[in-house]
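Trainee: For reference, the file query.pdb (PDB, C-alpha atoms) is included below:
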```pdb
MODEL        1
ATOM      1  CA  MET A  17       6.096  17.601  11.048
ATOM      2  CA  ILE A  18       2.535  17.661  12.368
ATOM      3  CA  ASN A  19       3.467  19.560  15.532
ATOM      4  CA  GLU A  20       5.379  22.179  13.538
ATOM      5  CA  VAL A  21       2.424  22.624  11.197
ATOM      6  CA  ARG A  22       0.029  23.056  14.111
ATOM      7  CA  ASN A  23       2.300  25.596  15.818
ATOM      8  CA  ALA A  24       2.517  27.602  12.596
ATOM      9  CA  VAL A  25      -1.262  27.558  12.121
ATOM     10  CA  LEU A  26      -1.915  28.651  15.723
ATOM     11  CA  ALA A  27       0.731  31.360  15.503
ATOM     12  CA  PHE A  28      -0.967  32.854  12.456
ATOM     13  CA  LEU A  29      -4.449  32.664  13.982
ATOM     14  CA  ASN A  30      -3.354  34.136  17.309
ATOM     15  CA  LYS A  31      -1.346  36.958  15.737
ATOM     16  CA  ASN A  32      -4.441  39.054  15.113
ATOM     17  CA  ASN A  33      -6.703  37.284  17.596
ATOM     18  CA  TYR A  34      -8.583  35.508  14.841
ATOM     19  CA  GLY A  35      -9.470  32.658  17.165
ATOM     20  CA  TYR A  36      -8.394  29.228  18.348
ATOM     21  CA  ILE A  37      -8.939  25.751  16.956
ATOM     22  CA  THR A  38      -9.080  22.693  19.190
ATOM     23  CA  PRO A  39      -6.865  19.614  18.647
ATOM     24  CA  GLN A  40      -9.932  17.727  17.431
ATOM     25  CA  ASP A  41     -10.716  20.367  14.798
ATOM     26  CA  PHE A  42      -7.070  20.618  13.793
ATOM     27  CA  ASN A  43      -6.944  16.861  13.181
ATOM     28  CA  LEU A  44     -10.034  17.067  10.977
ATOM     29  CA  TYR A  45      -8.556  19.925   8.934
ATOM     30  CA  ALA A  46      -5.172  18.180   8.768
ATOM     31  CA  LYS A  47      -6.814  15.049   7.368
ATOM     32  CA  GLN A  48      -8.633  16.990   4.667
ATOM     33  CA  ALA A  49      -5.570  19.090   3.820
ATOM     34  CA  GLN A  50      -3.436  15.969   3.415
ATOM     35  CA  LEU A  51      -6.055  14.370   1.156
ATOM     36  CA  ASP A  52      -6.207  17.525  -0.974
ATOM     37  CA  ILE A  53      -2.439  17.530  -1.485
ATOM     38  CA  PHE A  54      -2.349  13.756  -2.035
ATOM     39  CA  GLU A  55      -4.925  13.870  -4.827
ATOM     40  CA  ASP A  56      -3.280  16.949  -6.301
ATOM     41  CA  LEU A  57      -0.089  14.917  -6.784
ATOM     42  CA  PHE A  58      -1.813  12.932  -9.532
ATOM     43  CA  TYR A  59      -3.113  16.039 -11.303
ATOM     44  CA  GLN A  60       0.370  17.555 -11.176
ATOM     45  CA  TYR A  61       1.848  14.305 -12.459
ATOM     46  CA  ASN A  62      -0.552  14.281 -15.418
ATOM     47  CA  TYR A  63       0.240  17.937 -16.102
ATOM     48  CA  GLN A  64       3.988  17.252 -16.153
ATOM     49  CA  ILE A  65       3.500  14.310 -18.526
ATOM     50  CA  ASN A  66       1.617  16.601 -20.900
ATOM     51  CA  LYS A  67       4.457  19.122 -20.687
ATOM     52  CA  GLU A  68       6.968  16.376 -21.368
ATOM     53  CA  ASN A  69       5.036  15.295 -24.450
ATOM     54  CA  VAL A  70       5.306  18.797 -25.934
ATOM     55  CA  ARG A  71       8.996  19.069 -24.916
ATOM     56  CA  GLN A  72       8.400  21.728 -22.262
ATOM     57  CA  SER A  73       9.825  19.856 -19.271
ATOM     58  CA  GLY A  74      13.408  19.587 -18.106
ATOM     59  CA  THR A  75      15.742  16.751 -17.219
ATOM     60  CA  GLY A  76      18.058  16.049 -14.311
ATOM     61  CA  TYR A  77      17.265  18.295 -11.355
ATOM     62  CA  ALA A  78      14.590  19.995 -13.459
ATOM     63  CA  ASP A  79      12.707  16.727 -13.969
ATOM     64  CA  ILE A  80       9.615  17.549 -11.905
ATOM     65  CA  LYS A  81       7.807  14.401 -13.061
ATOM     66  CA  LYS A  82      10.458  12.198 -11.481
ATOM     67  CA  GLY A  83      10.058  13.989  -8.152
ATOM     68  CA  LEU A  84       6.286  13.503  -8.284
ATOM     69  CA  GLU A  85       6.756   9.817  -9.024
ATOM     70  CA  GLU A  86       8.905   9.476  -5.918
ATOM     71  CA  ASP A  87       6.284  11.292  -3.837
ATOM     72  CA  ILE A  88       3.549   8.961  -5.083
ATOM     73  CA  ASP A  89       5.718   5.859  -4.587
ATOM     74  CA  ILE A  90       5.610   6.538  -0.845
ATOM     75  CA  PHE A  91       2.067   5.176  -0.919
ATOM     76  CA  THR A  92       2.769   2.080  -3.037
ATOM     77  CA  GLN A  93       2.098  -1.204  -1.278
ATOM     78  CA  ASP A  94       1.927  -4.924  -2.065
ATOM     79  CA  VAL A  95      -0.539  -7.152  -0.244
ATOM     80  CA  ILE A  96      -1.956 -10.640  -0.552
ATOM     81  CA  LEU A  97      -5.675 -10.456  -1.238
ATOM     82  CA  TYR A  98      -8.091 -12.299   0.996
ATOM     83  CA  ASN A  99     -10.614 -14.745  -0.368
ATOM     84  CA  SER A 100     -12.946 -14.291   2.598
ATOM     85  CA  PRO A 101     -13.103 -12.137   5.740
ATOM     86  CA  ILE A 102     -12.083 -15.102   7.934
ATOM     87  CA  ASN A 103      -9.722 -17.425   6.087
ATOM     88  CA  LEU A 104      -7.113 -16.905   3.447
ATOM     89  CA  TYR A 105      -6.790 -19.552   0.749
ATOM     90  CA  THR A 106      -7.623 -23.181   1.447
ATOM     91  CA  THR A 107      -7.522 -26.229  -0.781
ATOM     92  CA  GLN A 108     -11.319 -26.285  -0.586
ATOM     93  CA  ASN A 109     -11.628 -22.750  -1.962
ATOM     94  CA  THR A 110     -14.040 -22.565  -4.906
ATOM     95  CA  SER A 111     -14.561 -18.820  -5.048
ATOM     96  CA  ASN A 112     -12.953 -16.300  -7.394
ATOM     97  CA  ILE A 113     -13.950 -13.256  -5.314
ATOM     98  CA  PHE A 114     -11.208 -11.404  -3.415
ATOM     99  CA  ALA A 115     -11.518  -8.408  -1.137
ATOM    100  CA  LEU A 116      -9.541  -5.297  -2.075
ATOM    101  CA  PRO A 117      -7.645  -3.435   0.666
ATOM    102  CA  SER A 118      -9.865  -0.950   2.476
ATOM    103  CA  ASP A 119      -7.351   1.865   1.936
ATOM    104  CA  TYR A 120      -6.742   1.418  -1.799
ATOM    105  CA  TYR A 121      -6.869   4.487  -4.039
ATOM    106  CA  PHE A 122      -5.565   3.106  -7.315
ATOM    107  CA  ILE A 123      -4.711  -0.454  -8.395
ATOM    108  CA  ASN A 124      -1.387  -0.729 -10.212
ATOM    109  CA  LYS A 125      -1.521  -4.441 -10.961
ATOM    110  CA  VAL A 126      -2.849  -7.794  -9.771
ATOM    111  CA  TYR A 127      -0.674 -10.888 -10.187
ATOM    112  CA  TYR A 128       0.172 -14.336  -8.843
ATOM    113  CA  ARG A 129       3.022 -16.851  -8.742
ATOM    114  CA  PRO A 130       2.017 -20.251 -10.155
ATOM    115  CA  ARG A 131       5.151 -22.217  -9.207
ATOM    116  CA  TYR A 132       5.899 -23.244  -5.641
ATOM    117  CA  VAL A 133       9.103 -24.639  -4.158
ATOM    118  CA  ILE A 134       7.930 -25.544  -0.645
ATOM    119  CA  TYR A 135       4.277 -25.668   0.324
ATOM    120  CA  ASN A 136       2.731 -25.476   3.793
ATOM    121  CA  ALA A 137       5.795 -26.470   5.794
ATOM    122  CA  ILE A 138       6.587 -25.738   9.448
ATOM    123  CA  ASN A 139       9.700 -23.794  10.399
ATOM    124  CA  THR A 140      12.088 -25.002  13.085
ATOM    125  CA  GLY A 141      12.753 -21.561  14.453
ATOM    126  CA  PRO A 142      14.089 -18.086  13.743
ATOM    127  CA  VAL A 143      17.772 -18.461  14.602
ATOM    128  CA  ALA A 144      18.375 -14.742  13.968
ATOM    129  CA  PRO A 145      16.491 -11.700  12.687
ATOM    130  CA  TYR A 146      15.692 -11.838   8.972
ATOM    131  CA  ARG A 147      16.306 -15.584   8.864
ATOM    132  CA  LEU A 148      14.176 -18.687   8.259
ATOM    133  CA  LEU A 149      15.239 -22.085   9.575
ATOM    134  CA  MET A 150      13.437 -24.811   7.652
ATOM    135  CA  GLY A 151      11.723 -27.877   9.040
ATOM    136  CA  ALA A 152      13.124 -31.388   9.170
ATOM    137  CA  ASN A 153      11.634 -32.449   5.834
ATOM    138  CA  GLU A 154      12.631 -29.395   3.774
ATOM    139  CA  ASP A 155      15.910 -28.047   2.448
ATOM    140  CA  THR A 156      17.201 -25.273   0.197
ATOM    141  CA  THR A 157      17.905 -27.486  -2.836
ATOM    142  CA  ASN A 158      15.334 -25.802  -5.099
ATOM    143  CA  VAL A 159      15.295 -22.400  -3.373
ATOM    144  CA  SER A 160      16.789 -19.400  -5.202
ATOM    145  CA  THR A 161      17.392 -15.793  -4.223
ATOM    146  CA  GLY A 162      14.385 -13.695  -5.139
ATOM    147  CA  ASP A 163      11.870 -16.438  -4.311
ATOM    148  CA  PHE A 164       8.706 -15.416  -2.486
ATOM    149  CA  VAL A 165       8.342 -16.487   1.178
ATOM    150  CA  VAL A 166       4.968 -16.400   2.943
ATOM    151  CA  ASN A 167       4.276 -16.685   6.664
ATOM    152  CA  ILE A 168       1.069 -18.737   6.370
ATOM    153  CA  SER A 169       0.213 -18.615  10.074
ATOM    154  CA  SER A 170       0.462 -14.840  10.217
ATOM    155  CA  LEU A 171      -1.556 -14.378   7.033
ATOM    156  CA  GLN A 172      -4.364 -16.527   8.339
ATOM    157  CA  ALA A 173      -4.355 -14.384  11.473
ATOM    158  CA  GLY A 174      -5.081 -11.313   9.338
ATOM    159  CA  ASN A 175      -1.711  -9.864   8.321
ATOM    160  CA  PRO A 176      -1.703  -9.624   4.495
ATOM    161  CA  THR A 177       1.785  -8.098   4.342
ATOM    162  CA  ASP A 178       3.715 -10.862   6.136
ATOM    163  CA  PHE A 179       5.754 -11.988   3.164
ATOM    164  CA  ALA A 180       9.308 -11.445   2.011
ATOM    165  CA  GLN A 181      11.870 -12.431  -0.601
ATOM    166  CA  VAL A 182      14.810 -14.774  -0.230
ATOM    167  CA  THR A 183      17.941 -12.638  -0.030
ATOM    168  CA  ALA A 184      20.557 -15.291   0.707
ATOM    169  CA  ILE A 185      20.979 -19.035   1.214
ATOM    170  CA  PHE A 186      22.957 -20.392   4.175
ATOM    171  CA  GLY A 187      23.704 -24.097   3.858
ATOM    172  CA  ASN A 188      20.854 -26.500   3.170
ATOM    173  CA  LYS A 189      18.480 -25.492   5.965
ATOM    174  CA  GLU A 190      18.544 -21.723   6.344
ATOM    175  CA  VAL A 191      17.722 -18.718   4.175
ATOM    176  CA  GLY A 192      17.849 -14.982   4.670
ATOM    177  CA  VAL A 193      14.648 -13.010   4.070
ATOM    178  CA  SER A 194      14.112  -9.352   3.194
ATOM    179  CA  ARG A 195      11.676  -8.731   6.039
ATOM    180  CA  ASP A 196      11.726 -10.085   9.587
ATOM    181  CA  ILE A 197       8.498 -12.096   9.337
ATOM    182  CA  PHE A 198       9.602 -15.137  11.351
ATOM    183  CA  THR A 199       9.925 -14.009  14.959
ATOM    184  CA  THR A 200       8.349 -17.108  16.532
ATOM    185  CA  SER A 201       8.190 -20.829  15.868
ATOM    186  CA  PRO A 202       6.699 -23.134  14.907
ATOM    187  CA  VAL A 203       4.710 -21.356  12.188
ATOM    188  CA  GLY A 204       3.572 -22.398   8.745
ATOM    189  CA  TYR A 205       5.363 -21.104   5.670
ATOM    190  CA  SER A 206       5.477 -21.567   1.894
ATOM    191  CA  ILE A 207       8.054 -20.569  -0.695
ATOM    192  CA  TYR A 208       7.029 -19.685  -4.241
ATOM    193  CA  SER A 209       9.330 -19.443  -7.231
ATOM    194  CA  ASN A 210      10.028 -16.001  -8.632
ATOM    195  CA  ILE A 211       9.920 -17.490 -12.145
ATOM    196  CA  ASP A 212       6.868 -17.018 -14.376
ATOM    197  CA  VAL A 213       5.069 -14.417 -12.301
ATOM    198  CA  VAL A 214       1.747 -13.933 -14.114
ATOM    199  CA  GLU A 215       0.016 -10.552 -14.242
ATOM    200  CA  ILE A 216      -3.782 -10.642 -14.187
ATOM    201  CA  GLU A 217      -5.262  -8.221 -16.699
ATOM    202  CA  LYS A 218      -8.088  -5.884 -15.744
ATOM    203  CA  VAL A 219     -11.151  -5.910 -17.990
ATOM    204  CA  HIS A 220     -14.392  -3.943 -17.723
ATOM    205  CA  GLN A 221     -17.593  -5.526 -16.536
ATOM    206  CA  ASN A 222     -19.242  -5.019 -19.923
ATOM    207  CA  ARG A 223     -16.527  -7.093 -21.642
ATOM    208  CA  ILE A 224     -16.041 -10.057 -19.341
ATOM    209  CA  MET A 225     -19.195 -11.907 -20.422
ATOM    210  CA  ARG A 226     -18.212 -11.643 -24.078
ATOM    211  CA  LEU A 227     -14.712 -12.903 -23.279
ATOM    212  CA  LEU A 228     -15.990 -15.845 -21.248
ATOM    213  CA  SER A 229     -18.456 -16.897 -23.934
ATOM    214  CA  SER A 230     -15.717 -17.564 -26.504
ATOM    215  CA  ASN A 231     -13.127 -20.330 -26.430
ATOM    216  CA  LEU A 232     -10.706 -18.056 -28.287
ATOM    217  CA  THR A 233     -10.893 -15.057 -25.942
ATOM    218  CA  ALA A 234     -11.726 -16.661 -22.588
ATOM    219  CA  PRO A 235      -9.189 -15.921 -19.798
ATOM    220  CA  SER A 236      -6.744 -18.768 -19.222
ATOM    221  CA  ARG A 237      -4.236 -19.775 -16.563
ATOM    222  CA  GLU A 238      -1.433 -18.151 -18.516
ATOM    223  CA  PHE A 239      -3.519 -15.067 -19.448
ATOM    224  CA  PRO A 240      -5.983 -14.508 -16.593
ATOM    225  CA  ALA A 241      -8.253 -11.502 -16.117
ATOM    226  CA  TYR A 242     -10.136  -9.749 -13.347
ATOM    227  CA  THR A 243     -13.005  -7.319 -12.952
ATOM    228  CA  VAL A 244     -13.696  -4.866 -10.135
ATOM    229  CA  ASP A 245     -16.996  -5.375  -8.319
ATOM    230  CA  GLY A 246     -17.430  -2.796  -5.566
ATOM    231  CA  SER A 247     -14.735  -3.451  -2.979
ATOM    232  CA  ASN A 248     -13.881  -6.851  -4.458
ATOM    233  CA  ILE A 249     -12.268  -8.229  -7.588
ATOM    234  CA  MET A 250     -13.382 -11.346  -9.471
ATOM    235  CA  VAL A 251     -10.553 -13.401 -10.994
ATOM    236  CA  TYR A 252     -10.980 -15.573 -14.115
ATOM    237  CA  PRO A 253     -10.515 -18.469 -14.686
ATOM    238  CA  LEU A 254     -11.302 -20.202 -11.419
ATOM    239  CA  GLU A 255      -8.264 -22.488 -11.805
ATOM    240  CA  VAL A 256      -5.993 -19.570 -10.927
ATOM    241  CA  THR A 257      -7.103 -19.742  -7.295
ATOM    242  CA  THR A 258      -7.576 -23.495  -6.870
ATOM    243  CA  PRO A 259      -4.971 -26.299  -6.564
ATOM    244  CA  SER A 260      -1.754 -25.780  -8.508
ATOM    245  CA  PHE A 261      -1.818 -26.600 -12.186
ATOM    246  CA  TYR A 262       1.955 -26.713 -12.773
ATOM    247  CA  ALA A 263       3.437 -30.192 -12.391
ATOM    248  CA  ASN A 264       6.878 -28.772 -11.676
ATOM    249  CA  GLY A 265       8.168 -31.595  -9.495
ATOM    250  CA  LEU A 266       9.043 -29.129  -6.730
ATOM    251  CA  GLY A 267       6.226 -30.007  -4.382
ATOM    252  CA  PRO A 268       3.102 -32.112  -3.857
ATOM    253  CA  ASN A 269       0.762 -31.367  -6.744
ATOM    254  CA  ASN A 270      -2.971 -30.872  -6.271
ATOM    255  CA  THR A 271      -2.514 -29.611  -2.730
ATOM    256  CA  ASN A 272      -1.266 -26.092  -3.419
ATOM    257  CA  THR A 273      -3.244 -22.890  -3.617
ATOM    258  CA  ASN A 274      -1.920 -19.791  -5.359
ATOM    259  CA  PHE A 275      -1.688 -16.404  -3.690
ATOM    260  CA  VAL A 276      -3.312 -13.554  -5.593
ATOM    261  CA  MET A 277      -1.445 -10.323  -4.906
ATOM    262  CA  CYS A 278      -2.208  -6.686  -5.480
ATOM    263  CA  GLN A 279       0.157  -3.754  -5.905
ATOM    264  CA  TYR A 280      -1.742  -0.553  -5.288
ATOM    265  CA  ILE A 281      -1.566   3.091  -4.282
ATOM    266  CA  ARG A 282      -3.107   3.535  -0.849
ATOM    267  CA  TYR A 283      -4.638   6.578   0.765
ATOM    268  CA  PRO A 284      -2.395   8.297   3.328
ATOM    269  CA  LYS A 285      -3.087   7.460   6.946
ATOM    270  CA  ASP A 286      -5.175  10.009   8.830
ATOM    271  CA  PRO A 287      -2.845  12.406  10.682
ATOM    272  CA  LYS A 288      -3.476  12.867  14.382
ATOM    273  CA  TRP A 289      -1.881  15.400  16.696
ATOM    274  CA  THR A 290      -1.933  13.794  20.145
ATOM    275  CA  TYR A 291      -1.450  15.172  23.638
ATOM    276  CA  LEU A 292      -1.500  13.828  27.172
ATOM    277  CA  ASN A 293      -1.215  16.699  29.636
ATOM    278  CA  ILE A 294      -2.618  20.204  29.706
ATOM    279  CA  THR A 295      -0.325  22.921  31.050
ATOM    280  CA  GLY A 296      -1.621  26.441  31.583
ATOM    281  CA  GLY A 297      -4.795  25.581  29.761
ATOM    282  CA  GLU A 298      -2.910  24.406  26.654
ATOM    283  CA  PRO A 299      -2.496  20.773  25.537
ATOM    284  CA  VAL A 300       1.112  19.599  25.343
ATOM    285  CA  PHE A 301       2.157  17.586  22.313
ATOM    286  CA  ASP A 302       2.900  13.918  23.064
ATOM    287  CA  GLN A 303       3.892  11.701  20.159
ATOM    288  CA  SER A 304       4.243   8.631  22.380
ATOM    289  CA  GLN A 305       0.485   8.102  22.343
ATOM    290  CA  PRO A 306      -0.572   4.876  20.548
ATOM    291  CA  ASP A 307      -2.895   6.723  18.145
ATOM    292  CA  TYR A 308      -0.320   9.351  17.119
ATOM    293  CA  GLN A 309       0.125   9.660  13.360
ATOM    294  CA  ASN A 310       2.350  12.127  11.554
ATOM    295  CA  PHE A 311       1.715  13.451   8.050
ATOM    296  CA  GLU A 312       2.861  11.020   5.366
ATOM    297  CA  LEU A 313       3.558  13.695   2.781
ATOM    298  CA  PRO A 314       7.106  14.752   1.857
ATOM    299  CA  THR A 315       8.628  17.612   3.819
ATOM    300  CA  ASP A 316       8.274  20.061   0.925
ATOM    301  CA  SER A 317       4.494  19.951   1.518
ATOM    302  CA  PHE A 318       4.955  21.817   4.825
ATOM    303  CA  GLN A 319       3.937  25.227   3.500
ATOM    304  CA  ASP A 320       1.026  23.887   1.477
ATOM    305  CA  LEU A 321      -0.332  22.056   4.524
ATOM    306  CA  ILE A 322      -0.298  25.247   6.575
ATOM    307  CA  PHE A 323      -2.160  27.242   3.929
ATOM    308  CA  ARG A 324      -4.803  24.591   3.409
ATOM    309  CA  ILE A 325      -5.441  24.149   7.134
ATOM    310  CA  LEU A 326      -5.678  27.928   7.482
ATOM    311  CA  GLN A 327      -8.243  27.903   4.705
ATOM    312  CA  TYR A 328     -10.483  25.548   6.680
ATOM    313  CA  SER A 329      -9.726  27.356   9.951
ATOM    314  CA  GLY A 330     -10.863  30.670   8.470
ATOM    315  CA  VAL A 331     -14.307  29.197   7.985
ATOM    316  CA  GLU A 332     -14.436  28.028  11.606
ATOM    317  CA  VAL A 333     -13.361  31.333  13.139
ATOM    318  CA  ARG A 334     -15.663  33.155  10.693
ATOM    319  CA  ASP A 335     -12.984  35.423   9.343
ATOM    320  CA  ILE A 336     -12.976  35.662   5.570
ATOM    321  CA  ASN A 337      -9.538  37.297   5.584
ATOM    322  CA  VAL A 338      -7.888  34.097   6.821
ATOM    323  CA  ALA A 339      -9.621  31.962   4.206
ATOM    324  CA  ASN A 340      -8.882  34.440   1.410
ATOM    325  CA  TYR A 341      -5.231  34.741   2.393
ATOM    326  CA  ALA A 342      -4.793  30.952   2.445
ATOM    327  CA  THR A 343      -6.579  30.561  -0.886
ATOM    328  CA  THR A 344      -4.376  33.222  -2.489
ATOM    329  CA  GLN A 345      -1.205  31.557  -1.222
ATOM    330  CA  ILE A 346      -2.321  28.147  -2.515
ATOM    331  CA  THR A 347      -3.084  29.650  -5.934
ATOM    332  CA  ASN A 348       0.301  31.386  -6.062
ATOM    333  CA  THR A 349       2.090  28.179  -5.100
ATOM    334  CA  ASN A 350       0.307  26.202  -7.839
ATOM    335  CA  GLN A 351       1.203  28.851 -10.419
ATOM    336  CA  GLU A 352       4.852  28.748  -9.407
ATOM    337  CA  GLU A 353       4.925  24.958  -9.698
ATOM    338  CA  ALA A 354       3.363  25.141 -13.139
TER     339      ALA A 354
ENDMDL
END
```
Could you show the structure in this file as structure tokens?
Mentor:
Amino acid sequence: MINEVRNAVLAFLNKNNYGYITPQDFNLYAKQAQLDIFEDLFYQYNYQINKENVRQSGTGYADIKKGLEEDIDIFTQDVILYNSPINLYTTQNTSNIFALPSDYYFINKVYYRPRYVIYNAINTGPVAPYRLLMGANEDTTNVSTGDFVVNISSLQAGNPTDFAQVTAIFGNKEVGVSRDIFTTSPVGYSIYSNIDVVEIEKVHQNRIMRLLSSNLTAPSREFPAYTVDGSNIMVYPLEVTTPSFYANGLGPNNTNTNFVMCQYIRYPKDPKWTYLNITGGEPVFDQSQPDYQNFELPTDSFQDLIFRILQYSGVEVRDINVANYATTQITNTNQEEA
């Protein structure tokens, strides 16, 4: 979509010889335009909820709120939070501070799985895509579909999304996984039970000290809490992130460490229109470049993107007519959506 948007913007600017914008400037305007539309999704969503509360919204195909939810869900992501910039969790970990993802916009929930089935094992090999072949000392006896599988080696190398769910069980040594995270062997892996997933409640900084000072209200293993501190979160109590506290008989106790996970809404990736060759003085679009990035917005944002980029372009080419036209079109579009 990014090439079509750029062609439309240039066609409008060149129609009346308003001027020309370079690929570098276009990418800057495209980034800002995408951020504007992204943040506007949440204002529109709130507006539609208010309309729904006063019975002024429709259902079925007229359910605008549902469409906005689907647009926002594009940016939903689950990651395992890191305890330090270098290592993930270790049995010697004594810290309750975890770094939030650098691209997070809004935290939906923070949670962890306290029960493990297999801890810190070594796989025999990926026999096929989306498969895990267990090591010599492990089997599928206690594994169930829906359990949480972690590629420990990949996580420690800095990939917080290398996890999957068990989708099927094949015999006593092999399971199917929802994502192809085992492409090499041997690598470390752990499997956590999907039973008793515990959500960690967010509390404000001005409340946490009062909660911790009372035996009745202090966060516990079953009812943990966290606070946001800059780009980190602090999880209480400390036992949540230290060796396992459930003597479930499914693995070696006092050697396990729990993974704290975060489901969040991320910012969209910065769009980048890329080119390789210049023909006749004009750059030629080339999406095979490694830094190419298309817009992440739904296709129905095409027109809005053009108007917003034109708005910024009008300032660059110093023509108020372009900026005014784009502003008017954006206003009309918002009124029609309302």
Trainee: With the file shown as input, list the residues that the PyMOL selection byres ((chain A and resi 115) around 10) selects, as a list in words.
Mentor: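 Applying the expression gives Ile96, Leu97, Tyr98, Asn99, Ser100, Pro101, Ile113, Phe114, Leu116, Pro117, Ser118, Val244, Asp245, Gly246, Ser247, Asn248, Ile249 and Met250 of chain A.
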Trainee: Can you list what the PyMOL selection byres ((chain A and resi 203) around 9) grabs from this structure, as a list of chain:residue names?
Mentor: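 This file, filtered by the PyMOL selection byres ((chain A and resi 203) around 9), leaves A:Ala137, A:Ile138, A:Asn139, A:Thr140, A:Gly141, A:Asn167, A:Ile168, A:Ser169, A:Ser170, A:Phe198, A:Thr200, A:Ser201, A:Pro202, A:Gly204, A:Tyr205.
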Trainee: Taking all atoms listed in the file into account, which of A:Arg195, A:Ile18, A:Pro145, A:Asn66 comes nearest Phe318 (chain A)?
Mentor: A:Ile18
Trainee: Please provide the set of residues having any atom within 12 Å of Phe301 (chain A), restricted to all atoms listed in the file, with same-chain residues fewer than 6 positions apart removed, written as a list in words.
Mentor: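 Once the adjacent positions are removed, what remains is Met17, Ile18, Asn19, Glu20, Arg22, Asn23, Pro39, Lys288, Trp289, Thr290, Tyr291, Leu292, Asn293, Ile294, Thr295 and Tyr308 of chain A.
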Trainee: What gap, in Å, lies between CA of Asn188 (chain A) and CA of Met150 (chain A)?
Mentor: 8.8 Å
Trainee: What's the 7 Å shell around Lys125 (chain A), counting all atoms listed in the file, without same-chain residues fewer than 6 positions away, as a compact mmCIF listing (two decimals) with C-alpha atoms, keeping the file's coordinate frame?
Mentor:
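Wrote part15.txt, looks like this:
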```txt
# COMPACT_ATOMS: atom_id res chain seq x y z
CA CYS A 278 -2.21 -6.69 -5.48
CA GLN A 279 0.16 -3.75 -5.90
CA TYR A 280 -1.74 -0.55 -5.29
```
Trainee: Go ahead and find all residues with at least one atom no further than 8 Å from (9.9, -17.1, -6.9) in the file's coordinates, using all atoms listed in the file; report them as number ranges by chain.
Mentor: A: 129, 131-132, 160, 162-164, 207-211, 213
Trainee: Using CA of Ser304 (chain A) and CA of Asp178 (chain A) as the two end points, give the distance in Å to one decimal.
Mentor: 25.4 Å
Trainee: Go ahead and fit an axis-aligned box to every listed atom of region 79-85 of chain A plus 3 Å each side, and pass me the centre and edge lengths in Å, one decimal, as lines of an AutoDock Vina configuration file.
Mentor:
```
center_x = 9.5
center_y = 13.7
center_z = -11.1
size_x = 12.4
size_y = 13.7
size_z = 11.8
```
Trainee: From the list A:Lys285, A:Lys47, A:Lys218, A:Arg147, which residue is nearest Ile185 (chain A) when using only C-alpha atoms?
Mentor: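 The answer is A:Arg147, which sits nearest to Ile185 (chain A).
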Trainee: Of the residues A:Val95, A:Leu149, A:Asn62, A:Arg237, which is the one nearest to Ala180 (chain A), using only C-alpha atoms?
Mentor: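 With only C-alpha atoms as the atom set, the closest residue is A:Val95.
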Trainee: Looking at all atoms listed in the file, which of A:Tyr128, A:Phe91, A:Tyr59, A:Phe323 is the one that sits closest to Ile216 (chain A)?
Mentor: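 Among the listed residues, the smallest separation from Ile216 (chain A) belongs to A:Tyr128.
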Trainee: For the atom pair CA of Asp94 (chain A) and CA of Ala46 (chain A), what is the interatomic distance in Å to one decimal place?
Mentor: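 Rounded to one decimal, the two atoms are 26.5 Å apart.
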Trainee: Out of A:Asp307, A:Asp286, A:Thr315, A:Val166, which residue has the shortest atom-to-atom distance to Gln48 (chain A) when counting all atoms listed in the file?
Mentor: A:Asp286
Trainee: Do you know which residues are at most 9 Å from Tyr45 (chain A) counting all atoms listed in the file, after dropping those on the same chain fewer than 2 positions away, and could you put them as a count of residues only?
Mentor: 13
Trainee: Is it possible to get the residues within 12 Å of (-9.7, -8.7, -19.8) (coordinates as in the file, counting all atoms listed in the file) written as a PyMOL selection string?
Mentor: chain A and resi 215-228+233-236+239-244+250-253
